[in-house]
file work.pdb (PDB, C-alpha atoms, pLDDT in the B column)
ATOM      1  CA  MET A   1      22.560 111.990 109.764  1.00 71.00           C
ATOM      2  CA  GLY A   2      26.024 112.983 108.683  1.00 94.00           C
ATOM      3  CA  LEU A   3      27.798 115.015 106.096  1.00 97.00           C
ATOM      4  CA  ASP A   4      27.198 114.366 102.408  1.00 98.00           C
ATOM      5  CA  ASN A   5      29.292 116.004  99.702  1.00 98.00           C
ATOM      6  CA  VAL A   6      26.976 116.324  96.701  1.00 98.00           C
ATOM      7  CA  ALA A   7      28.279 117.131  93.218  1.00 98.00           C
ATOM      8  CA  VAL A   8      26.402 120.192  91.925  1.00 98.00           C
ATOM      9  CA  GLN A   9      26.467 122.384  88.847  1.00 97.00           C
ATOM     10  CA  TRP A  10      28.731 125.424  89.109  1.00 97.00           C
ATOM     11  CA  PRO A  11      27.872 128.222  89.344  1.00 94.00           C
ATOM     12  CA  ARG A  12      24.394 128.004  90.732  1.00 92.00           C
ATOM     13  CA  THR A  13      21.473 129.255  88.761  1.00 88.00           C
ATOM     14  CA  GLY A  14      18.807 130.997  90.768  1.00 89.00           C
ATOM     15  CA  ARG A  15      18.471 130.255  94.455  1.00 89.00           C
ATOM     16  CA  PHE A  16      19.619 126.650  94.478  1.00 91.00           C
ATOM     17  CA  TYR A  17      22.407 124.476  93.145  1.00 95.00           C
ATOM     18  CA  ASP A  18      21.368 121.829  90.646  1.00 96.00           C
ATOM     19  CA  PRO A  19      22.702 118.367  91.482  1.00 97.00           C
ATOM     20  CA  VAL A  20      24.894 116.710  88.878  1.00 98.00           C
ATOM     21  CA  ALA A  21      23.242 113.695  87.289  1.00 98.00           C
ATOM     22  CA  PRO A  22      24.730 110.447  88.607  1.00 97.00           C
ATOM     23  CA  ALA A  23      25.498 109.529  84.987  1.00 98.00           C
ATOM     24  CA  ALA A  24      28.562 111.798  85.294  1.00 98.00           C
ATOM     25  CA  PHE A  25      29.945 109.226  87.749  1.00 98.00           C
ATOM     26  CA  VAL A  26      28.653 106.018  86.164  1.00 97.00           C
ATOM     27  CA  ASP A  27      32.176 104.709  85.531  1.00 98.00           C
ATOM     28  CA  PHE A  28      32.674 104.467  89.301  1.00 98.00           C
ATOM     29  CA  ALA A  29      30.365 101.427  89.157  1.00 97.00           C
ATOM     30  CA  ALA A  30      33.154  99.477  87.450  1.00 97.00           C
ATOM     31  CA  LEU A  31      35.298 100.040  90.549  1.00 93.00           C
ATOM     32  CA  ALA A  32      32.475  98.827  92.756  1.00 94.00           C
ATOM     33  CA  ASP A  33      32.069  95.648  90.725  1.00 94.00           C
ATOM     34  CA  ALA A  34      35.757  94.874  90.246  1.00 93.00           C
ATOM     35  CA  PRO A  35      36.996  91.596  91.697  1.00 93.00           C
ATOM     36  CA  ASP A  36      39.352  91.771  94.658  1.00 94.00           C
ATOM     37  CA  VAL A  37      38.290  95.313  95.589  1.00 96.00           C
ATOM     38  CA  ALA A  38      37.986  96.020  99.312  1.00 97.00           C
ATOM     39  CA  SER A  39      34.394  96.176 100.537  1.00 97.00           C
ATOM     40  CA  PRO A  40      34.605  99.811 101.764  1.00 98.00           C
ATOM     41  CA  THR A  41      36.087 100.830  98.406  1.00 98.00           C
ATOM     42  CA  ALA A  42      33.292  99.061  96.531  1.00 98.00           C
ATOM     43  CA  ALA A  43      30.659 100.650  98.758  1.00 98.00           C
ATOM     44  CA  LEU A  44      32.039 104.150  98.228  1.00 98.00           C
ATOM     45  CA  ALA A  45      32.440 103.719  94.477  1.00 98.00           C
ATOM     46  CA  GLY A  46      28.944 102.239  94.164  1.00 98.00           C
ATOM     47  CA  HIS A  47      27.375 105.060  96.157  1.00 98.00           C
ATOM     48  CA  ILE A  48      29.130 107.680  94.029  1.00 98.00           C
ATOM     49  CA  ALA A  49      28.021 105.924  90.831  1.00 98.00           C
ATOM     50  CA  GLU A  50      24.402 105.806  91.992  1.00 98.00           C
ATOM     51  CA  THR A  51      24.090 109.253  93.551  1.00 98.00           C
ATOM     52  CA  GLY A  52      26.983 111.566  92.603  1.00 98.00           C
ATOM     53  CA  THR A  53      27.497 111.947  96.344  1.00 98.00           C
ATOM     54  CA  VAL A  54      30.128 111.043  98.951  1.00 98.00           C
ATOM     55  CA  ARG A  55      29.058 110.301 102.498  1.00 98.00           C
ATOM     56  CA  ALA A  56      31.916 112.357 103.855  1.00 98.00           C
ATOM     57  CA  THR A  57      31.537 112.110 107.635  1.00 97.00           C
ATOM     58  CA  ALA A  58      34.076 109.288 107.990  1.00 97.00           C
ATOM     59  CA  TYR A  59      36.741 111.246 106.106  1.00 98.00           C
ATOM     60  CA  THR A  60      36.493 114.695 107.724  1.00 97.00           C
ATOM     61  CA  GLU A  61      39.226 114.369 110.361  1.00 97.00           C
ATOM     62  CA  LEU A  62      41.591 112.652 107.950  1.00 98.00           C
ATOM     63  CA  VAL A  63      41.104 115.211 105.167  1.00 98.00           C
ATOM     64  CA  ASP A  64      41.438 118.088 107.635  1.00 97.00           C
ATOM     65  CA  LEU A  65      44.721 116.635 108.901  1.00 98.00           C
ATOM     66  CA  LEU A  66      46.069 115.982 105.408  1.00 98.00           C
ATOM     67  CA  LEU A  67      45.212 119.465 104.153  1.00 97.00           C
ATOM     68  CA  GLY A  68      46.025 121.358 107.351  1.00 95.00           C
ATOM     69  CA  LEU A  69      42.666 123.105 107.787  1.00 95.00           C
ATOM     70  CA  ASN A  70      39.476 122.476 109.726  1.00 95.00           C
ATOM     71  CA  GLY A  71      36.106 121.796 108.161  1.00 95.00           C
ATOM     72  CA  VAL A  72      37.390 121.244 104.632  1.00 97.00           C
ATOM     73  CA  LEU A  73      34.629 118.829 103.591  1.00 98.00           C
ATOM     74  CA  TYR A  74      32.054 120.910 105.478  1.00 96.00           C
ATOM     75  CA  ALA A  75      33.024 123.870 103.262  1.00 94.00           C
ATOM     76  CA  THR A  76      33.109 126.067 106.342  1.00 85.00           C
ATOM     77  CA  GLU A  77      35.226 128.756 104.681  1.00 73.00           C
ATOM     78  CA  ALA A  78      32.699 129.066 101.884  1.00 61.00           C
ATOM     79  CA  ALA A  79      29.874 129.082 104.400  1.00 55.00           C
ATOM     80  CA  ASN A  80      31.407 132.124 106.099  1.00 59.00           C
ATOM     81  CA  GLU A  81      31.999 133.984 102.832  1.00 57.00           C
ATOM     82  CA  ASP A  82      29.000 133.120 100.717  1.00 55.00           C
ATOM     83  CA  GLU A  83      26.540 131.661 103.198  1.00 71.00           C
ATOM     84  CA  ASP A  84      26.575 128.562 100.997  1.00 89.00           C
ATOM     85  CA  PRO A  85      28.555 125.515 102.128  1.00 95.00           C
ATOM     86  CA  VAL A  86      30.040 124.856  98.696  1.00 96.00           C
ATOM     87  CA  ILE A  87      33.484 123.756  97.543  1.00 97.00           C
ATOM     88  CA  ASP A  88      34.096 125.343  94.142  1.00 97.00           C
ATOM     89  CA  PRO A  89      35.896 123.478  91.330  1.00 98.00           C
ATOM     90  CA  ASP A  90      39.273 124.948  92.337  1.00 98.00           C
ATOM     91  CA  GLY A  91      38.690 123.762  95.900  1.00 97.00           C
ATOM     92  CA  CYS A  92      37.809 120.314  94.574  1.00 98.00           C
ATOM     93  CA  ALA A  93      41.110 120.282  92.642  1.00 98.00           C
ATOM     94  CA  TRP A  94      42.980 121.238  95.829  1.00 98.00           C
ATOM     95  CA  ILE A  95      41.302 118.444  97.829  1.00 98.00           C
ATOM     96  CA  ALA A  96      41.913 115.923  95.042  1.00 98.00           C
ATOM     97  CA  GLY A  97      45.568 116.959  94.762  1.00 98.00           C
ATOM     98  CA  GLY A  98      46.158 116.565  98.487  1.00 98.00           C
ATOM     99  CA  LEU A  99      44.512 113.155  98.534  1.00 98.00           C
ATOM    100  CA  GLU A 100      46.399 112.035  95.428  1.00 98.00           C
ATOM    101  CA  LYS A 101      49.743 113.025  96.964  1.00 98.00           C
ATOM    102  CA  PHE A 102      48.848 111.217 100.156  1.00 98.00           C
ATOM    103  CA  VAL A 103      47.848 108.040  98.298  1.00 98.00           C
ATOM    104  CA  LEU A 104      51.163 108.063  96.401  1.00 98.00           C
ATOM    105  CA  GLY A 105      53.114 108.683  99.594  1.00 97.00           C
ATOM    106  CA  HIS A 106      51.306 105.875 101.402  1.00 98.00           C
ATOM    107  CA  GLU A 107      51.810 103.171  98.763  1.00 98.00           C
ATOM    108  CA  ARG A 108      55.128 102.083 100.281  1.00 97.00           C
ATOM    109  CA  LEU A 109      53.344 101.411 103.590  1.00 98.00           C
ATOM    110  CA  GLY A 110      50.751  99.052 102.188  1.00 97.00           C
ATOM    111  CA  ASP A 111      47.006  99.144 101.707  1.00 97.00           C
ATOM    112  CA  LEU A 112      45.791  99.861 105.244  1.00 98.00           C
ATOM    113  CA  VAL A 113      45.616 103.537 106.201  1.00 98.00           C
ATOM    114  CA  THR A 114      45.715 104.085 109.967  1.00 98.00           C
ATOM    115  CA  PHE A 115      46.422 107.039 112.213  1.00 98.00           C
ATOM    116  CA  ASP A 116      50.005 105.843 112.596  1.00 98.00           C
ATOM    117  CA  THR A 117      50.612 105.414 108.863  1.00 98.00           C
ATOM    118  CA  VAL A 118      49.073 108.829 108.162  1.00 98.00           C
ATOM    119  CA  GLY A 119      51.524 110.313 110.652  1.00 98.00           C
ATOM    120  CA  GLU A 120      54.435 108.522 109.011  1.00 98.00           C
ATOM    121  CA  VAL A 121      53.508 109.770 105.520  1.00 98.00           C
ATOM    122  CA  LEU A 122      53.003 113.328 106.745  1.00 97.00           C
ATOM    123  CA  ARG A 123      56.230 113.375 108.773  1.00 97.00           C
ATOM    124  CA  THR A 124      58.155 112.147 105.723  1.00 96.00           C
ATOM    125  CA  ALA A 125      56.608 114.837 103.524  1.00 94.00           C
ATOM    126  CA  VAL A 126      57.164 117.601 106.070  1.00 94.00           C
ATOM    127  CA  ALA A 127      60.750 116.531 106.826  1.00 92.00           C
ATOM    128  CA  GLU A 128      61.664 117.383 103.235  1.00 83.00           C
ATOM    129  CA  SER A 129      60.171 120.886 103.399  1.00 86.00           C
ATOM    130  CA  ARG A 130      61.896 124.219 103.879  1.00 85.00           C
ATOM    131  CA  LEU A 131      60.683 124.810 107.454  1.00 89.00           C
ATOM    132  CA  ALA A 132      60.750 121.172 108.510  1.00 92.00           C
ATOM    133  CA  GLU A 133      61.315 121.611 112.251  1.00 93.00           C
ATOM    134  CA  GLN A 134      58.495 124.143 112.647  1.00 94.00           C
ATOM    135  CA  GLN A 135      56.113 122.076 110.531  1.00 94.00           C
ATOM    136  CA  LEU A 136      56.959 118.872 112.388  1.00 95.00           C
ATOM    137  CA  ARG A 137      56.051 120.584 115.671  1.00 95.00           C
ATOM    138  CA  TRP A 138      52.786 121.790 114.136  1.00 95.00           C
ATOM    139  CA  LEU A 139      52.040 118.296 112.834  1.00 96.00           C
ATOM    140  CA  GLY A 140      52.764 116.754 116.231  1.00 97.00           C
ATOM    141  CA  SER A 141      50.386 119.135 117.984  1.00 97.00           C
ATOM    142  CA  ARG A 142      47.745 118.647 115.299  1.00 97.00           C
ATOM    143  CA  MET A 143      47.936 114.866 115.650  1.00 97.00           C
ATOM    144  CA  ASP A 144      47.886 115.099 119.454  1.00 97.00           C
ATOM    145  CA  SER A 145      44.692 117.168 119.240  1.00 97.00           C
ATOM    146  CA  LEU A 146      42.985 114.242 117.488  1.00 97.00           C
ATOM    147  CA  ARG A 147      43.697 111.875 120.361  1.00 97.00           C
ATOM    148  CA  ASP A 148      40.999 111.227 122.945  1.00 97.00           C
ATOM    149  CA  GLU A 149      41.222 112.165 126.644  1.00 96.00           C
ATOM    150  CA  SER A 150      43.203 109.037 127.472  1.00 96.00           C
ATOM    151  CA  GLY A 151      45.675 109.604 124.617  1.00 96.00           C
ATOM    152  CA  GLY A 152      44.139 107.046 122.281  1.00 97.00           C
ATOM    153  CA  ALA A 153      44.481 107.613 118.561  1.00 97.00           C
ATOM    154  CA  PRO A 154      41.501 107.754 116.185  1.00 97.00           C
ATOM    155  CA  GLN A 155      40.602 104.278 114.998  1.00 96.00           C
ATOM    156  CA  TRP A 156      41.084 104.946 111.295  1.00 95.00           C
ATOM    157  CA  ALA A 157      41.257 101.874 109.092  1.00 97.00           C
ATOM    158  CA  PHE A 158      40.758 102.799 105.454  1.00 98.00           C
ATOM    159  CA  PRO A 159      41.863 100.744 102.503  1.00 98.00           C
ATOM    160  CA  LEU A 160      44.189 102.922 100.446  1.00 98.00           C
ATOM    161  CA  SER A 161      41.995 102.166  97.435  1.00 98.00           C
ATOM    162  CA  GLU A 162      39.042 103.803  99.214  1.00 98.00           C
ATOM    163  CA  LEU A 163      40.979 107.051  99.536  1.00 98.00           C
ATOM    164  CA  ALA A 164      41.979 106.762  95.884  1.00 98.00           C
ATOM    165  CA  VAL A 165      38.271 106.588  94.967  1.00 98.00           C
ATOM    166  CA  LEU A 166      37.577 109.568  97.224  1.00 98.00           C
ATOM    167  CA  SER A 167      40.267 111.567  95.441  1.00 98.00           C
ATOM    168  CA  ARG A 168      38.799 110.552  92.048  1.00 98.00           C
ATOM    169  CA  PHE A 169      35.418 111.977  93.076  1.00 98.00           C
ATOM    170  CA  TYR A 170      36.919 115.405  93.818  1.00 98.00           C
ATOM    171  CA  ARG A 171      39.161 115.217  90.727  1.00 98.00           C
ATOM    172  CA  ARG A 172      36.101 114.450  88.564  1.00 98.00           C
ATOM    173  CA  CYS A 173      34.304 117.451  90.048  1.00 98.00           C
ATOM    174  CA  ALA A 174      37.313 119.690  89.382  1.00 98.00           C
ATOM    175  CA  ASP A 175      37.883 118.406  85.838  1.00 98.00           C
ATOM    176  CA  ARG A 176      34.257 118.867  84.827  1.00 98.00           C
ATOM    177  CA  ALA A 177      33.830 122.201  86.628  1.00 98.00           C
ATOM    178  CA  PHE A 178      31.372 120.832  89.195  1.00 98.00           C
ATOM    179  CA  ALA A 179      31.196 122.124  92.728  1.00 98.00           C
ATOM    180  CA  VAL A 180      30.484 120.119  95.864  1.00 98.00           C
ATOM    181  CA  TYR A 181      27.657 121.111  98.179  1.00 97.00           C
ATOM    182  CA  ALA A 182      28.135 120.160 101.830  1.00 96.00           C
ATOM    183  CA  ASP A 183      24.763 118.811 102.924  1.00 96.00           C
ATOM    184  CA  TYR A 184      24.478 118.104 106.649  1.00 89.00           C
TER     185      TYR A 184
END
call {"tool": "encode", "arguments": {"input": "work.pdb", "output": "structure tokens"}}
result
Amino acid sequence: MGLDNVAVQWPRTGRFYDPVAPAAFVDFAALADAPDVASPTAALAGHIAETGTVRATAYTELVDLLLGLNGVLYATEAANEDEDPVIDPDGCAWIAGGLEKFVLGHERLGDLVTFDTVGEVLRTAVAESRLAEQQLRWLGSRMDSLRDESGGAPQWAFPLSELAVLSRFYRRCADRAFAVYADY
């Protein structure tokens, strides 16, 4: 079992969150059925269209690195505050915005997202910031912490289109005032 991010109605009514009907994501099926779409992209889009859910386990390290926090898709901050692992609509907008910026920044590097290309996009973005040197050191240590004991990098290999679909899921939740429940 892994982490699922389930679109739910916001705010909750009663004790539980009501799941959003998959019909709110039915247009994702067109992405899944489009010709020339990468298989992982089609699988993600099809799953979202059928369930209103993202199987988020594969994206946790990447999203944490991109957004600079730990446990973003696990909603760990919310879990500490509210005892509910929920990402509210504003949090969904923040996640979507970070992913959208990354996708735009990565386009010049092609369609395959790897650990090395993620580092290149992030270094480029940080180099243009006000505290570039300090942030570059932080980024270097953050990326080093993701390496295994022998110094090997995570074996990320995402089609850029898959991350675009992921960002659309969180953007849809934000735009329609849905929350995301972290079910694990």
call {"tool": "residues_around", "arguments": {"input": "work.pdb", "residues": "A:Gly119", "least_positions_apart": "5", "cutoff": "9 Å", "atoms": "all atoms listed in the file", "output": "ChimeraX atom specification"}}
result
/A:114,124,139-140,143
call {"tool": "residues_near_point", "arguments": {"input": "work.pdb", "point": "(43.5, 116.5, 95.3)", "cutoff": "10 Å", "atoms": "only C-alpha atoms", "output": "PyMOL selection string"}}
result
chain A and resi 67+90-103+164+166-171+174
call {"tool": "residues_around", "arguments": {"input": "work.pdb", "residues": "stretch 24-38 of chain A", "least_positions_apart": "6", "cutoff": "12 Å", "atoms": "all atoms listed in the file", "output": "MDAnalysis selection string"}}
result
chainID A and resid 6:9 44:54 111:112 157:166 168:173 175:178
call {"tool": "write_last_selection", "arguments": {"input": "work.pdb", "atoms": "C-alpha atoms", "output": "mmCIF file, in the coordinates of the input"}}
result
data_model
loop_
_atom_site.group_PDB
_atom_site.id
_atom_site.type_symbol
_atom_site.label_atom_id
_atom_site.label_comp_id
_atom_site.auth_asym_id
_atom_site.auth_seq_id
_atom_site.Cartn_x
_atom_site.Cartn_y
_atom_site.Cartn_z
ATOM 1 C CA VAL A 6 26.976 116.324 96.701
ATOM 2 C CA ALA A 7 28.279 117.131 93.218
ATOM 3 C CA VAL A 8 26.402 120.192 91.925
ATOM 4 C CA GLN A 9 26.467 122.384 88.847
ATOM 5 C CA LEU A 44 32.039 104.150 98.228
ATOM 6 C CA ALA A 45 32.440 103.719 94.477
ATOM 7 C CA GLY A 46 28.944 102.239 94.164
ATOM 8 C CA HIS A 47 27.375 105.060 96.157
ATOM 9 C CA ILE A 48 29.130 107.680 94.029
ATOM 10 C CA ALA A 49 28.021 105.924 90.831
ATOM 11 C CA GLU A 50 24.402 105.806 91.992
ATOM 12 C CA THR A 51 24.090 109.253 93.551
ATOM 13 C CA GLY A 52 26.983 111.566 92.603
ATOM 14 C CA THR A 53 27.497 111.947 96.344
ATOM 15 C CA VAL A 54 30.128 111.043 98.951
ATOM 16 C CA ASP A 111 47.006 99.144 101.707
ATOM 17 C CA LEU A 112 45.791 99.861 105.244
ATOM 18 C CA ALA A 157 41.257 101.874 109.092
ATOM 19 C CA PHE A 158 40.758 102.799 105.454
ATOM 20 C CA PRO A 159 41.863 100.744 102.503
ATOM 21 C CA LEU A 160 44.189 102.922 100.446
ATOM 22 C CA SER A 161 41.995 102.166 97.435
ATOM 23 C CA GLU A 162 39.042 103.803 99.214
ATOM 24 C CA LEU A 163 40.979 107.051 99.536
ATOM 25 C CA ALA A 164 41.979 106.762 95.884
ATOM 26 C CA VAL A 165 38.271 106.588 94.967
ATOM 27 C CA LEU A 166 37.577 109.568 97.224
ATOM 28 C CA ARG A 168 38.799 110.552 92.048
ATOM 29 C CA PHE A 169 35.418 111.977 93.076
ATOM 30 C CA TYR A 170 36.919 115.405 93.818
ATOM 31 C CA ARG A 171 39.161 115.217 90.727
ATOM 32 C CA ARG A 172 36.101 114.450 88.564
ATOM 33 C CA CYS A 173 34.304 117.451 90.048
ATOM 34 C CA ASP A 175 37.883 118.406 85.838
ATOM 35 C CA ARG A 176 34.257 118.867 84.827
ATOM 36 C CA ALA A 177 33.830 122.201 86.628
ATOM 37 C CA PHE A 178 31.372 120.832 89.195
#
call {"tool": "closest_residue", "arguments": {"input": "work.pdb", "among": "A:Leu122, A:Ala56, A:Glu149, A:Asn70", "to": "A:Leu104", "atoms": "only C-alpha atoms"}}
result
A:Leu122
call {"tool": "residues_around", "arguments": {"input": "work.pdb", "residues": "A:Ala153", "least_positions_apart": "2", "cutoff": "9 Å", "atoms": "all atoms listed in the file", "output": "VMD selection string"}}
result
chain A and resid 115 to 116 143 to 144 146 to 148 151 155 to 156
call {"tool": "atom_distance", "arguments": {"input": "work.pdb", "atom1": "atom CA of A:Val72", "atom2": "atom CA of A:Leu131"}}
result
23.7 Å
call {"tool": "atom_distance", "arguments": {"input": "work.pdb", "atom1": "atom CA of A:Ala179", "atom2": "atom CA of A:Pro19"}}
result
9.4 Å
call {"tool": "closest_residue", "arguments": {"input": "work.pdb", "among": "A:Thr57, A:Ser150, A:Ser129, A:Gln134", "to": "A:Met1", "atoms": "all atoms listed in the file"}}
result
A:Thr57
call {"tool": "closest_residue", "arguments": {"input": "work.pdb", "among": "A:Ser141, A:Thr13, A:Ser39, A:Thr60", "to": "A:Ala182", "atoms": "all atoms listed in the file"}}
result
A:Thr60
call {"tool": "atom_distance", "arguments": {"input": "work.pdb", "atom1": "atom CA of A:Ile87", "atom2": "atom CA of A:Val180"}}
result
5.0 Å
call {"tool": "closest_residue", "arguments": {"input": "work.pdb", "among": "A:Leu65, A:Val86, A:Ala42, A:Ala21", "to": "A:Asp4", "atoms": "all atoms listed in the file"}}
result
A:Val86
call {"tool": "closest_residue", "arguments": {"input": "work.pdb", "among": "A:Glu61, A:Gly105, A:Val126, A:Ala23", "to": "A:Ser145", "atoms": "all atoms listed in the file"}}
result
A:Glu61
call {"tool": "closest_residue", "arguments": {"input": "work.pdb", "among": "A:Arg142, A:Gly110, A:Pro154, A:Leu136", "to": "A:Tyr59", "atoms": "only C-alpha atoms"}}
result
A:Pro154
